[in-house]
Every structure is written in structure tokens, then in C-alpha cells.
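**Student:** This is query07.cif, which holds mmCIF, C-alpha atoms and all ligand atoms:
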```cif
data_data
#
loop_
_atom_site.group_PDB
_atom_site.id
_atom_site.type_symbol
_atom_site.label_atom_id
_atom_site.label_comp_id
_atom_site.auth_asym_id
_atom_site.auth_seq_id
_atom_site.Cartn_x
_atom_site.Cartn_y
_atom_site.Cartn_z
ATOM 1 C CA MET A 1166 90.347 95.053 65.724
ATOM 2 C CA SER A 1167 91.627 98.648 65.882
ATOM 3 C CA ILE A 1168 91.710 100.642 69.112
ATOM 4 C CA ASN A 1169 88.808 102.721 67.759
ATOM 5 C CA GLU A 1170 86.727 99.601 67.075
ATOM 6 C CA GLN A 1171 87.515 98.263 70.539
ATOM 7 C CA ILE A 1172 86.325 101.499 72.166
ATOM 8 C CA HIS A 1173 83.128 101.264 70.111
ATOM 9 C CA GLN A 1174 82.665 97.705 71.341
ATOM 10 C CA ARG A 1175 83.360 98.602 74.990
ATOM 11 C CA PHE A 1176 80.849 101.475 75.138
ATOM 12 C CA GLY A 1177 78.412 100.416 72.436
ATOM 13 C CA ILE A 1178 78.585 103.865 70.830
ATOM 14 C CA PRO A 1179 80.191 104.710 67.473
ATOM 15 C CA THR A 1180 83.039 107.108 68.214
ATOM 16 C CA GLU A 1181 86.004 108.922 66.751
ATOM 17 C CA THR A 1182 88.039 108.187 69.881
ATOM 18 C CA GLY A 1183 91.170 106.148 69.313
ATOM 19 C CA ARG A 1184 91.372 106.767 65.563
ATOM 20 C CA THR A 1185 94.776 108.427 65.784
ATOM 21 C CA VAL A 1186 96.205 105.916 68.264
ATOM 22 C CA PRO A 1187 98.527 103.332 66.734
ATOM 23 C CA PRO A 1188 98.087 99.642 67.558
ATOM 24 C CA ASN A 1189 99.130 98.938 71.142
ATOM 25 C CA LYS A 1190 98.889 95.570 72.916
ATOM 26 C CA THR A 1191 98.446 97.005 76.435
ATOM 27 C CA LEU A 1192 95.553 99.264 75.384
ATOM 28 C CA SER A 1193 94.032 96.503 73.324
ATOM 29 C CA ASP A 1194 94.254 93.944 76.152
ATOM 30 C CA ILE A 1195 92.598 96.302 78.636
ATOM 31 C CA LEU A 1196 89.880 97.512 76.242
ATOM 32 C CA GLY A 1197 89.023 93.919 75.387
ATOM 33 C CA ARG A 1198 89.203 92.495 78.883
ATOM 34 C CA ARG A 1199 86.434 90.746 80.759
ATOM 35 C CA SER A 1200 86.204 88.914 84.068
ATOM 36 C CA CYS A 1201 86.600 85.164 83.775
ATOM 37 C CA ARG A 1202 84.760 82.779 86.115
ATOM 38 C CA SER A 1203 85.485 79.454 84.418
ATOM 39 C CA TYR A 1204 88.962 77.924 84.301
ATOM 40 C CA ARG A 1205 90.730 74.957 82.788
ATOM 41 C CA PRO A 1206 92.413 72.867 85.481
ATOM 42 C CA ASP A 1207 95.892 73.341 83.922
ATOM 43 C CA PRO A 1208 98.407 74.695 86.424
ATOM 44 C CA ILE A 1209 99.988 78.130 86.196
ATOM 45 C CA PRO A 1210 103.802 77.760 86.115
ATOM 46 C CA GLU A 1211 105.303 78.907 89.417
ATOM 47 C CA ASP A 1212 107.802 81.235 87.753
ATOM 48 C CA LEU A 1213 104.963 82.965 85.876
ATOM 49 C CA LEU A 1214 102.954 83.366 89.067
ATOM 50 C CA GLN A 1215 105.926 84.858 90.921
ATOM 51 C CA THR A 1216 106.482 87.195 87.956
ATOM 52 C CA LEU A 1217 102.867 88.346 88.210
ATOM 53 C CA PHE A 1218 103.342 89.062 91.923
ATOM 54 C CA ALA A 1219 106.500 91.020 91.104
ATOM 55 C CA THR A 1220 104.535 93.008 88.518
ATOM 56 C CA ALA A 1221 101.607 93.624 90.878
ATOM 57 C CA PHE A 1222 103.870 94.991 93.589
ATOM 58 C CA SER A 1223 105.495 97.316 91.033
ATOM 59 C CA ALA A 1224 102.262 99.342 91.208
ATOM 60 C CA PRO A 1225 102.341 102.847 92.653
ATOM 61 C CA SER A 1226 101.855 103.065 96.393
ATOM 62 C CA LYS A 1227 100.710 105.998 98.539
ATOM 63 C CA SER A 1228 103.824 107.754 99.954
ATOM 64 C CA ASP A 1229 105.836 104.637 99.035
ATOM 65 C CA LEU A 1230 104.380 103.096 102.209
ATOM 66 C CA GLN A 1231 103.659 99.799 100.371
ATOM 67 C CA GLN A 1232 100.564 98.967 102.400
ATOM 68 C CA ALA A 1233 99.229 96.026 100.408
ATOM 69 C CA CYS A 1234 99.816 92.317 100.832
ATOM 70 C CA VAL A 1235 98.365 89.211 99.284
ATOM 71 C CA ILE A 1236 97.593 85.834 100.813
ATOM 72 C CA ARG A 1237 97.953 82.992 98.370
ATOM 73 C CA ILE A 1238 95.709 80.108 99.371
ATOM 74 C CA GLU A 1239 97.611 76.920 98.594
ATOM 75 C CA ASP A 1240 95.548 74.712 100.911
ATOM 76 C CA LYS A 1241 92.655 73.584 98.665
ATOM 77 C CA VAL A 1242 90.511 72.608 101.661
ATOM 78 C CA LYS A 1243 90.884 76.121 103.023
ATOM 79 C CA GLN A 1244 90.046 77.525 99.562
ATOM 80 C CA ARG A 1245 86.818 75.504 99.558
ATOM 81 C CA ARG A 1246 85.934 76.747 103.044
ATOM 82 C CA ILE A 1247 86.502 80.354 101.960
ATOM 83 C CA ALA A 1248 84.500 79.746 98.769
ATOM 84 C CA ALA A 1249 81.620 78.437 100.866
ATOM 85 C CA LEU A 1250 81.386 81.880 102.485
ATOM 86 C CA SER A 1251 79.933 83.231 99.229
ATOM 87 C CA PRO A 1252 76.737 82.260 97.388
ATOM 88 C CA HIS A 1253 78.535 81.208 94.164
ATOM 89 C CA PRO A 1254 81.197 78.898 95.495
ATOM 90 C CA THR A 1255 82.022 76.576 92.594
ATOM 91 C CA TRP A 1256 84.221 78.782 90.442
ATOM 92 C CA VAL A 1257 85.891 80.195 93.550
ATOM 93 C CA ALA A 1258 86.366 76.713 95.049
ATOM 94 C CA ASP A 1259 87.818 75.327 91.809
ATOM 95 C CA ALA A 1260 90.014 78.223 90.684
ATOM 96 C CA PRO A 1261 93.562 76.955 90.039
ATOM 97 C CA VAL A 1262 94.968 79.949 91.932
ATOM 98 C CA PHE A 1263 93.116 81.802 94.644
ATOM 99 C CA LEU A 1264 94.463 84.972 96.232
ATOM 100 C CA VAL A 1265 93.198 87.361 98.874
ATOM 101 C CA TRP A 1266 94.407 90.936 98.495
ATOM 102 C CA CYS A 1267 94.635 92.824 101.756
ATOM 103 C CA GLY A 1268 95.245 96.327 103.007
ATOM 104 C CA ASP A 1269 98.127 96.242 105.478
ATOM 105 C CA SER A 1270 98.537 99.108 107.914
ATOM 106 C CA ARG A 1271 100.249 96.790 110.420
ATOM 107 C CA ARG A 1272 103.683 96.903 108.807
ATOM 108 C CA ILE A 1273 104.176 100.679 109.118
ATOM 109 C CA ARG A 1274 102.863 100.628 112.697
ATOM 110 C CA ARG A 1275 105.333 97.890 113.655
ATOM 111 C CA LEU A 1276 108.113 99.886 112.013
ATOM 112 C CA ALA A 1277 107.071 103.033 113.914
ATOM 113 C CA GLU A 1278 107.417 101.047 117.148
ATOM 114 C CA TRP A 1279 110.793 99.690 116.043
ATOM 115 C CA LYS A 1280 112.066 103.192 115.201
ATOM 116 C CA GLU A 1281 110.466 104.541 118.394
ATOM 117 C CA HIS A 1282 108.339 107.104 116.572
ATOM 118 C CA SER A 1283 104.769 107.861 117.492
ATOM 119 C CA PHE A 1284 102.152 106.880 114.901
ATOM 120 C CA ALA A 1285 100.346 110.202 114.524
ATOM 121 C CA ASN A 1286 98.131 109.225 111.585
ATOM 122 C CA ASP A 1287 95.728 106.923 113.327
ATOM 123 C CA HIS A 1288 92.565 108.034 111.496
ATOM 124 C CA LEU A 1289 90.424 107.208 108.446
ATOM 125 C CA ASP A 1290 93.201 108.081 106.005
ATOM 126 C CA ALA A 1291 95.285 105.138 107.285
ATOM 127 C CA PHE A 1292 92.495 102.726 106.314
ATOM 128 C CA MET A 1293 91.820 104.458 102.992
ATOM 129 C CA ASN A 1294 95.466 104.427 101.911
ATOM 130 C CA ALA A 1295 95.924 100.734 102.653
ATOM 131 C CA ALA A 1296 92.641 99.845 100.900
ATOM 132 C CA VAL A 1297 93.602 101.858 97.819
ATOM 133 C CA ASP A 1298 97.102 100.345 97.687
ATOM 134 C CA ALA A 1299 95.583 96.846 97.818
ATOM 135 C CA GLY A 1300 93.080 97.693 95.060
ATOM 136 C CA ILE A 1301 95.790 99.064 92.796
ATOM 137 C CA ALA A 1302 98.041 96.039 93.371
ATOM 138 C CA LEU A 1303 95.107 93.697 92.655
ATOM 139 C CA GLN A 1304 94.300 95.480 89.382
ATOM 140 C CA THR A 1305 97.962 95.543 88.355
ATOM 141 C CA PHE A 1306 98.062 91.774 88.906
ATOM 142 C CA ILE A 1307 94.934 91.399 86.745
ATOM 143 C CA VAL A 1308 96.388 93.460 83.881
ATOM 144 C CA ALA A 1309 99.618 91.443 84.035
ATOM 145 C CA ALA A 1310 97.800 88.094 84.212
ATOM 146 C CA GLU A 1311 95.430 88.949 81.357
ATOM 147 C CA SER A 1312 98.375 90.065 79.206
ATOM 148 C CA VAL A 1313 99.674 86.473 79.200
ATOM 149 C CA GLY A 1314 96.249 84.982 78.497
ATOM 150 C CA LEU A 1315 95.134 84.162 82.038
ATOM 151 C CA GLY A 1316 91.594 84.898 83.184
ATOM 152 C CA CYS A 1317 90.784 86.544 86.514
ATOM 153 C CA CYS A 1318 87.809 87.531 88.612
ATOM 154 C CA PRO A 1319 87.922 89.558 91.823
ATOM 155 C CA VAL A 1320 85.635 88.266 94.582
ATOM 156 C CA SER A 1321 84.349 90.645 97.217
ATOM 157 C CA GLN A 1322 81.659 88.116 98.120
ATOM 158 C CA ILE A 1323 84.190 86.431 100.381
ATOM 159 C CA ARG A 1324 83.673 89.452 102.652
ATOM 160 C CA ASP A 1325 80.031 88.433 103.186
ATOM 161 C CA HIS A 1326 81.194 86.660 106.350
ATOM 162 C CA ILE A 1327 84.071 88.889 107.228
ATOM 163 C CA ASN A 1328 84.852 87.507 110.685
ATOM 164 C CA ALA A 1329 84.966 83.907 109.431
ATOM 165 C CA LEU A 1330 87.206 84.963 106.536
ATOM 166 C CA SER A 1331 89.487 86.946 108.800
ATOM 167 C CA ALA A 1332 89.827 83.995 111.186
ATOM 168 C CA GLU A 1333 90.551 81.652 108.251
ATOM 169 C CA LEU A 1334 93.396 83.962 107.148
ATOM 170 C CA GLU A 1335 94.563 84.625 110.728
ATOM 171 C CA LEU A 1336 94.622 88.345 109.978
ATOM 172 C CA PRO A 1337 96.231 90.374 112.749
ATOM 173 C CA GLN A 1338 95.174 93.876 113.774
ATOM 174 C CA TRP A 1339 95.388 96.510 111.022
ATOM 175 C CA VAL A 1340 95.270 93.981 108.180
ATOM 176 C CA PHE A 1341 91.973 93.517 106.321
ATOM 177 C CA PRO A 1342 90.788 91.756 103.151
ATOM 178 C CA VAL A 1343 89.860 93.930 100.180
ATOM 179 C CA ALA A 1344 88.940 91.202 97.686
ATOM 180 C CA GLY A 1345 89.728 87.670 96.654
ATOM 181 C CA LEU A 1346 91.020 86.949 93.166
ATOM 182 C CA CYS A 1347 90.495 83.775 91.151
ATOM 183 C CA VAL A 1348 93.070 83.134 88.444
ATOM 184 C CA GLY A 1349 93.362 80.426 85.807
ATOM 185 C CA TRP A 1350 93.520 79.631 82.108
ATOM 186 C CA PRO A 1351 90.076 80.555 80.729
ATOM 187 C CA ALA A 1352 87.727 77.674 79.892
ATOM 188 C CA GLU A 1353 85.435 80.095 78.075
ATOM 189 C CA GLN A 1354 85.918 83.597 76.786
ATOM 190 C CA GLY A 1355 82.990 85.410 78.378
ATOM 191 C CA ALA A 1356 81.455 88.624 77.104
ATOM 192 C CA ILE A 1357 82.661 92.203 77.200
ATOM 193 C CA SER A 1358 80.451 94.209 79.510
ATOM 194 C CA LEU A 1359 79.443 97.654 78.307
ATOM 195 C CA ARG A 1360 80.626 100.601 80.368
ATOM 196 C CA LEU A 1361 78.903 103.870 81.231
ATOM 197 C CA PRO A 1362 79.713 106.534 78.631
ATOM 198 C CA LEU A 1363 82.668 108.792 79.332
ATOM 199 C CA GLU A 1364 80.220 111.734 79.615
ATOM 200 C CA VAL A 1365 79.138 110.153 82.911
ATOM 201 C CA THR A 1366 82.558 109.250 84.274
ATOM 202 C CA VAL A 1367 84.871 111.981 82.954
ATOM 203 C CA HIS A 1368 84.191 115.502 84.254
ATOM 204 C CA VAL A 1369 85.953 118.655 83.102
ATOM 205 C CA ASP A 1370 87.048 121.291 85.626
ATOM 206 C CA HIS A 1371 84.158 120.527 87.980
ATOM 207 C CA TYR A 1372 81.729 117.767 88.854
ATOM 208 C CA ASP A 1373 78.589 117.808 86.706
ATOM 209 C CA ASP A 1374 75.883 115.129 86.673
ATOM 210 C CA THR A 1375 72.990 117.204 85.326
ATOM 211 C CA GLU A 1376 72.400 114.801 82.403
ATOM 212 C CA LEU A 1377 72.895 111.647 84.487
ATOM 213 C CA LEU A 1378 69.428 110.110 84.303
ATOM 214 C CA GLU A 1379 69.070 110.527 80.527
ATOM 215 C CA GLN A 1380 72.609 109.222 79.988
ATOM 216 C CA VAL A 1381 72.004 106.172 82.159
ATOM 217 C CA ALA A 1382 68.619 105.461 80.532
ATOM 218 C CA ASP A 1383 70.376 105.411 77.142
ATOM 219 C CA TYR A 1384 73.105 103.192 78.575
ATOM 220 C CA ASP A 1385 70.472 100.798 79.970
ATOM 221 C CA HIS A 1386 68.913 100.495 76.497
ATOM 222 C CA ARG A 1387 72.282 99.920 74.804
ATOM 223 C CA ARG A 1388 73.160 97.212 77.326
ATOM 224 C CA GLU A 1389 69.783 95.516 77.228
ATOM 225 C CA ALA A 1390 69.992 95.374 73.419
ATOM 226 C CA ILE A 1391 73.101 93.211 73.828
ATOM 227 C CA GLU A 1392 72.385 91.223 76.992
ATOM 228 C CA ARG A 1393 68.634 91.402 77.505
ATOM 229 C CA THR A 1394 67.671 90.324 81.027
ATOM 230 C CA PRO A 1395 64.672 87.960 80.753
ATOM 231 C CA PRO A 1396 62.063 88.130 83.552
ATOM 232 C CA GLU A 1397 63.441 84.933 85.164
ATOM 233 C CA LYS A 1398 66.888 86.537 85.476
ATOM 234 C CA GLN A 1399 65.639 89.736 87.096
ATOM 235 C CA ARG A 1400 66.787 90.310 90.650
ATOM 236 C CA MET A 1401 64.540 89.978 93.728
ATOM 237 C CA VAL A 1402 61.270 89.557 91.819
ATOM 238 C CA GLU A 1403 59.409 88.567 95.028
ATOM 239 C CA GLN A 1404 60.051 92.084 96.293
ATOM 240 C CA PHE A 1405 60.044 94.165 93.117
ATOM 241 C CA GLY A 1406 58.226 92.063 90.534
ATOM 242 C CA THR A 1407 59.333 91.803 86.920
ATOM 243 C CA THR A 1408 59.578 94.732 84.576
ATOM 244 C CA GLU A 1409 59.834 95.202 80.812
ATOM 245 C CA GLU A 1410 62.243 98.106 81.268
ATOM 246 C CA TYR A 1411 64.842 96.157 83.198
ATOM 247 C CA GLY A 1412 68.419 97.324 82.760
ATOM 248 C CA TRP A 1413 71.717 97.944 84.508
ATOM 249 C CA SER A 1414 70.332 100.730 86.705
ATOM 250 C CA GLU A 1415 67.299 98.678 87.776
ATOM 251 C CA ASN A 1416 69.510 95.681 88.457
ATOM 252 C CA ARG A 1417 72.099 97.543 90.521
ATOM 253 C CA THR A 1418 69.640 99.661 92.487
ATOM 254 C CA ARG A 1419 67.686 96.493 93.358
ATOM 255 C CA GLN A 1420 70.961 94.971 94.543
ATOM 256 C CA TYR A 1421 71.608 97.939 96.817
ATOM 257 C CA ALA A 1422 68.038 98.032 98.137
ATOM 258 C CA ILE A 1423 68.966 95.413 100.709
ATOM 259 C CA PRO A 1424 71.821 95.766 103.187
ATOM 260 C CA ALA A 1425 74.932 93.690 102.565
ATOM 261 C CA ARG A 1426 78.100 93.478 104.655
ATOM 262 C CA ALA A 1427 76.707 95.981 107.111
ATOM 263 C CA ASP A 1428 79.102 94.502 109.688
ATOM 264 C CA PHE A 1429 82.217 95.523 107.737
ATOM 265 C CA GLY A 1430 82.702 98.833 109.570
ATOM 266 C CA HIS A 1431 82.581 97.063 112.930
ATOM 267 C CA TYR A 1432 85.087 94.540 111.679
ATOM 268 C CA ILE A 1433 87.451 97.292 110.514
ATOM 269 C CA ILE A 1434 87.127 99.042 113.889
ATOM 270 C CA ASN A 1435 87.865 95.723 115.621
ATOM 271 C CA GLN A 1436 90.961 95.404 113.440
ATOM 272 C CA GLY A 1437 92.180 98.540 115.216
ATOM 273 C CA PHE A 1438 91.315 101.308 112.774
ATOM 274 C CA LYS A 1439 89.905 104.662 113.827
ATOM 275 C CA LEU A 1440 87.466 105.636 111.092
ATOM 276 C CA ARG A 1441 87.275 109.357 111.880
HETATM 277 C C1 LIG B 1501 86.579 94.794 94.015
HETATM 278 C C2 LIG B 1501 85.773 93.881 93.110
HETATM 279 C C3 LIG B 1501 85.031 92.873 93.662
HETATM 280 C C4 LIG B 1501 84.309 91.983 92.857
HETATM 281 N N1 LIG B 1501 83.622 90.956 93.423
HETATM 282 C C5 LIG B 1501 82.961 90.079 92.670
HETATM 283 C C6 LIG B 1501 82.284 88.996 93.261
HETATM 284 O O1 LIG B 1501 82.250 88.845 94.479
HETATM 285 N N2 LIG B 1501 81.648 88.116 92.437
HETATM 286 C C7 LIG B 1501 81.670 88.250 91.091
HETATM 287 O O2 LIG B 1501 81.094 87.402 90.393
HETATM 288 N N3 LIG B 1501 82.325 89.267 90.484
HETATM 289 C C8 LIG B 1501 82.974 90.190 91.246
HETATM 290 N N4 LIG B 1501 83.649 91.224 90.657
HETATM 291 C C9 LIG B 1501 83.691 91.341 89.185
HETATM 292 C C10 LIG B 1501 82.667 92.360 88.699
HETATM 293 O O3 LIG B 1501 81.393 91.819 88.819
HETATM 294 C C11 LIG B 1501 83.009 92.707 87.242
HETATM 295 O O4 LIG B 1501 84.246 93.366 87.190
HETATM 296 C C12 LIG B 1501 81.921 93.586 86.630
HETATM 297 O O5 LIG B 1501 80.711 92.876 86.531
HETATM 298 C C13 LIG B 1501 82.302 94.073 85.243
HETATM 299 O O6 LIG B 1501 82.553 92.968 84.393
HETATM 300 P P1 LIG B 1501 83.954 92.786 83.661
HETATM 301 O O7 LIG B 1501 85.039 92.733 84.699
HETATM 302 O O8 LIG B 1501 83.832 91.490 82.904
HETATM 303 O O9 LIG B 1501 84.118 93.964 82.759
HETATM 304 C C14 LIG B 1501 84.340 92.143 91.451
HETATM 305 C C15 LIG B 1501 85.090 93.194 90.887
HETATM 306 C C16 LIG B 1501 85.793 94.041 91.699
HETATM 307 C C17 LIG B 1501 86.612 95.167 91.075
#
```
Could you rewrite the structure in this file as C-alpha cells?

**Tutor:**
Amino acid sequence: MSINEQIHQRFGIPTETGRTVPPNKTLSDILGRRSCRSYRPDPIPEDLLQTLFATAFSAPSKSDLQQACVIRIEDKVKQRRIAALSPHPTWVADAPVFLVWCGDSRRIRRLAEWKEHSFANDHLDAFMNAAVDAGIALQTFIVAAESVGLGCCPVSQIRDHINALSAELELPQWVFPVAGLCVGWPAEQGAISLRLPLEVTVHVDHYDDTELLEQVADYDHRREAIERTPPEKQRMVEQFGTTEEYGWSENRTRQYAIPARADFGHYIINQGFKLR
């Protein structure tokens, strides 16, 4: 499939975009990617895994501060306990490799102490920078892993019980989990999920969402035409009932109609961060 055809497939809209771009494996891999939640039990060679870590930590890092770390869960009993913290434990419990990507503001603070410098940036930015570094490292790992045929799925659900997770990982002050990551050889391919059109996500010179509702309504229809959500798959029907016009926006706004992980801010403050 050409790059142009892959962009069409990703957004569900015929387009001219990509027509002049020559074949490129990196672009093609990313355009065709999808999260994978079902894995064959075959092991991932250790040298490959270490290479993926090396690639992930080649990612850019704010001010070269390198404020990400990853905890590789080798203890399968521990992996099962962590999986049990989320409502869909089986694919997390059984993933051949399970990682937890963390923001790490501890390292630079320890180094400041060592070098006898004050740490004058004890505010929200310290949390933000570490969280962003961890997210970029996680995604770089995913791109690398998918390029060799592995399947991945990030798991923020492990943060549903943040204190239990943190205790399981023995996280010290100023280190916090961003997301888990399941990795393995895919047992099934999964489907490409349609993305919002670039008119919604790419702004020129200034922010502009005047056409948002029409654009999202069209997106909902395009997505539902491919992956129609039957009434029995609709979210929280006891509360909201079923609807003919179900779509991405209905699904996601229902999801966010109930609080989730409302304790995360307290946890982050307890980890030592000042969030102002
Ligand atoms: C930070 C982050 C956390 C995620 N957490 C979960 C999760 O807890 N459970 C899950 O099934 N998928 C999780 N995902 C995967 C998303 O659901 C997935 O990326 C999204 O539905 C789009 O599908 P795609 O990756 O196949 O394109 C997460 C993704 C990200 C980036």
C-alpha cells in the first residue's frame, strides 16, 4: 500500500496527502500501526529487548535532563498482581514482557544535593517535564518494537489504584508511573483505528476550533461505518441508555462523565511534587 493509501485508510477520507512521498518503512509502519492486546507466548530475545530499551532512551529529553525510567517486571506473580489492579487483567497478566514507564524527577534532585546546588525548580514544570520525557520514551519504544514486528499496548489502567501500584514498584519520592506497556509477538493483527481529521488537530498560526462539532460529527459517522457499536457494546447504558447515533464522541464523553483516578493529584503531591 502506498503512503497515500495508508493515510486514506488511517483517516477514512480520500486525500491527496502523501502522493509525492516515496515509499518509506518508518512512515508506513507508523501509519499502519495499531495497539495489540493479544500475544503469542514466544519469548522476545534478550538482545532485542535491550536494543529496544537503547532505542527508547535515544528519544529527545527536556534540557537533556533524562527524566524517564522504566521498570521491567520480570516477576510474573508481581505482573499478575499489577494486572489485577485494572478491569481487563488477562492480556496484561499474560503479556510476555510488561514494563512500567515512569517520570523520574528524583535523579536530578539527588544530583543537585550531591553537587550542593539548590533545586530552584520545585514547581509544576518539574512534574510536567518528567511526565513528558516518560511519554516520549514509551512511544519511542513502541515505534522501535513495532518496526521489528512486535505488538504493544500502553496501559494507564494500572494507575486506577495508584497507591497499590506505587507500593508494588517501591517507587521513591519524585518517581511516578505514567503508563504500563505490554509487549509481545502479536497473536492477532487487530484493526486500524480511525483518527480525527487533521483539520481538527493541526492549526495554522492560531488555535481555531470553530468547525469542531461538525468535523467530529462527520468523524463519528466515518468511524461508525467501519466499527459500528451495537447497543450491547454501548458504554454505561444503565445511566445513559442506548442510542442509534452512538459514535466516538458519545463513547468518550460517556467515559469522562464519571470520575476516574481522582486520587492521582494527591498521589503526585505525596510523591513530593509541588503542582503550582
Ligand atoms: C498513555 C496511554 C494509556 C493507555 N492505556 C490503555 C489502557 O489502560 N487500556 C487499553 O486497553 N488501552 C490503553 N491505551 C491504548 C489506547 O486505547 C489506544 O492507543 C487507542 O484506543 C487508539 O488505538 P490504536 O493505538 O490501536 O491506534 C493507552 C494508550 C496510551 C497512549

**Student:** Produce a table with one row for each residue of stretch 1257-1350 of chain A that has an atom at most 8 Å from any atom of stretch 1192-1208 of chain A, each row naming the nearest atom pair and its distance in Å at one decimal; use only C-alpha atoms; arrange rows by chain and rising residue number; format as a Markdown table.

**Tutor:**
```
| residue | atom | partner | partner_atom | distance |
| --- | --- | --- | --- | --- |
| A:Val1257 | CA | A:Arg1202 | CA | 8.0 |
| A:Ala1260 | CA | A:Tyr1204 | CA | 6.5 |
| A:Pro1261 | CA | A:Pro1206 | CA | 6.2 |
| A:Val1308 | CA | A:Ile1195 | CA | 7.1 |
| A:Glu1311 | CA | A:Asp1194 | CA | 7.3 |
| A:Ser1312 | CA | A:Asp1194 | CA | 6.4 |
| A:Gly1316 | CA | A:Cys1201 | CA | 5.0 |
| A:Cys1317 | CA | A:Cys1201 | CA | 5.2 |
| A:Cys1318 | CA | A:Ser1200 | CA | 5.0 |
| A:Pro1319 | CA | A:Ser1200 | CA | 8.0 |
| A:Cys1347 | CA | A:Arg1202 | CA | 7.7 |
| A:Val1348 | CA | A:Tyr1204 | CA | 7.8 |
| A:Gly1349 | CA | A:Tyr1204 | CA | 5.3 |
| A:Trp1350 | CA | A:Tyr1204 | CA | 5.3 |
```

**Student:** When you look at stretch 1387-1390 of chain A with a cut-off of 9 Å (counting only C-alpha atoms), what residues show up, excluding the ones that are within fewer than 4 positions of it in the same chain? I need them as a list in words.

**Tutor:**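 Residues near the query, excluding close chain neighbours: Phe1176, Gly1177, Ile1178, Ser1358, Leu1359, Arg1360, Ala1382, Asp1383, Thr1394, Glu1410, Tyr1411, Gly1412 and Trp1413 of chain A.
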
**Student:** Evaluated on this file, the PyMOL selection byres (((chain A and resi 1419-1421) around 12) and not hetatm) picks out some residues - which ones are they, written as a PyMOL selection string?

**Tutor:** chain A and resi 1399-1407+1411-1418+1422-1427

**Student:** Would you work out the distance separating atom CA of A:Val1242 from atom O5 of ligand LIG 1501 (chain B), expressed in Å to one decimal?

**Tutor:** 27.1 Å

**Student:** Return the single residue from A:Ile1391, A:Ala1310, A:Ala1296, A:Val1365 that is closest to A:Pro1351, with distances computed using all atoms listed in the file.

**Tutor:**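 Smallest separation from A:Pro1351 among the options: A:Ala1310.
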
**Student:** For a quick check of understanding, using all atoms listed in the file, which of A:Ile1209, A:Leu1440, A:Leu1230, A:Ala1248 has the smallest distance to ligand LIG 1501 (chain B)?

**Tutor:** A:Ala1248

**Student:** Could you give me, as number ranges by chain, the residues within 8 Å of A:Val1381, counting only C-alpha atoms and dropping anything in the same chain fewer than 3 positions from it?

**Tutor:** A: 1361, 1377-1378, 1384-1385, 1414

**Student:** Could you check which of A:Asp1370, A:Glu1170, A:Asp1325, A:Glu1281 is closest to ligand LIG 1501 (chain B), using all atoms listed in the file?

**Tutor:**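 Answer, going by the shortest atom-to-atom distance: A:Asp1325.
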
**Student:** When you draw a straight line from atom CA of A:Ala1332 to atom CA of A:Gly1345, how long is it in Å?

**Tutor:**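 Atom CA of A:Ala1332 sits 15.0 Å away from atom CA of A:Gly1345.
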
**Student:** Given only C-alpha atoms as the basis, pick out the residue of A:Ile1172, A:Ile1307, A:Ile1323, A:Leu1363 nearest to A:Arg1245.

**Tutor:**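 Closest to A:Arg1245, using only C-alpha atoms: A:Ile1323.
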
**Student:** Can you tell me, as a PyMOL selection string, what residues are no more than 7 Å from A:Val1343 when counting only C-alpha atoms, ignoring any on the same chain fewer than 5 positions away?

**Tutor:** chain A and resi 1266-1268+1296+1299

**Student:** Expanded to explicit residues, what is the PyMOL selection byres (((chain A and resi 1339) around 6) and not hetatm) for this file, as an MDAnalysis selection string?

**Tutor:** chainID A and resid 1270:1271 1338 1340 1436:1437

**Student:** Measuring atom to atom with only C-alpha atoms, identify which of A:Leu1346, A:Leu1250, A:Leu1276, A:Val1367 is nearest to A:Ala1329.

**Tutor:**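 The closest residue to A:Ala1329 is A:Leu1250.
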
**Student:** Would you mind telling me which residue in A:Pro1342, A:Pro1396, A:Pro1188, A:Pro1179 lies nearest to ligand LIG 1501 (chain B) when using all atoms listed in the file?

**Tutor:** A:Pro1342

**Student:** As a PyMOL selection string, please: the residues near stretch 1285-1294 of chain A (cut-off 7 Å, all atoms listed in the file, same-chain neighbours under 3 positions excluded).

**Tutor:** chain A and resi 1227+1270+1297-1298+1438-1441

**Student:** Next, dump the selected residues to file, keeping only C-alpha atoms, as an mmCIF file, in the coordinates of the input.

**Tutor:**
```cif
data_model
loop_
_atom_site.group_PDB
_atom_site.id
_atom_site.type_symbol
_atom_site.label_atom_id
_atom_site.label_comp_id
_atom_site.auth_asym_id
_atom_site.auth_seq_id
_atom_site.Cartn_x
_atom_site.Cartn_y
_atom_site.Cartn_z
ATOM 1 C CA LYS A 1227 100.710 105.998 98.539
ATOM 2 C CA SER A 1270 98.537 99.108 107.914
ATOM 3 C CA VAL A 1297 93.602 101.858 97.819
ATOM 4 C CA ASP A 1298 97.102 100.345 97.687
ATOM 5 C CA PHE A 1438 91.315 101.308 112.774
ATOM 6 C CA LYS A 1439 89.905 104.662 113.827
ATOM 7 C CA LEU A 1440 87.466 105.636 111.092
ATOM 8 C CA ARG A 1441 87.275 109.357 111.880
#
```

**Student:** To box ligand LIG 1501 (chain B), take all atoms listed in the file, fit an axis-aligned box, add 8 Å on each side, and give centre and edge lengths in Å to one decimal, as JSON.

**Tutor:**
```
{"center_x": 83.7, "center_y": 91.3, "center_z": 88.6, "size_x": 21.9, "size_y": 23.8, "size_z": 27.7}
```

**Student:** Have a look at atom CA of A:Pro1395 and atom CA of A:Arg1175 and let me know their distance in Å, one decimal.

**Tutor:**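 These atoms are spaced 22.3 Å apart.
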
**Student:** Do a neighbour search on A:Arg1237 at 10 Å with all atoms listed in the file, toss out local chain neighbours closer than 3 positions, and write the hits as a list in words.

**Tutor:**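 The contact residues come out as Cys1234, Asp1240, Gln1244, Val1262, Phe1263, Leu1264, Val1265, Trp1266, Leu1334, Gly1345 and Leu1346 of chain A.
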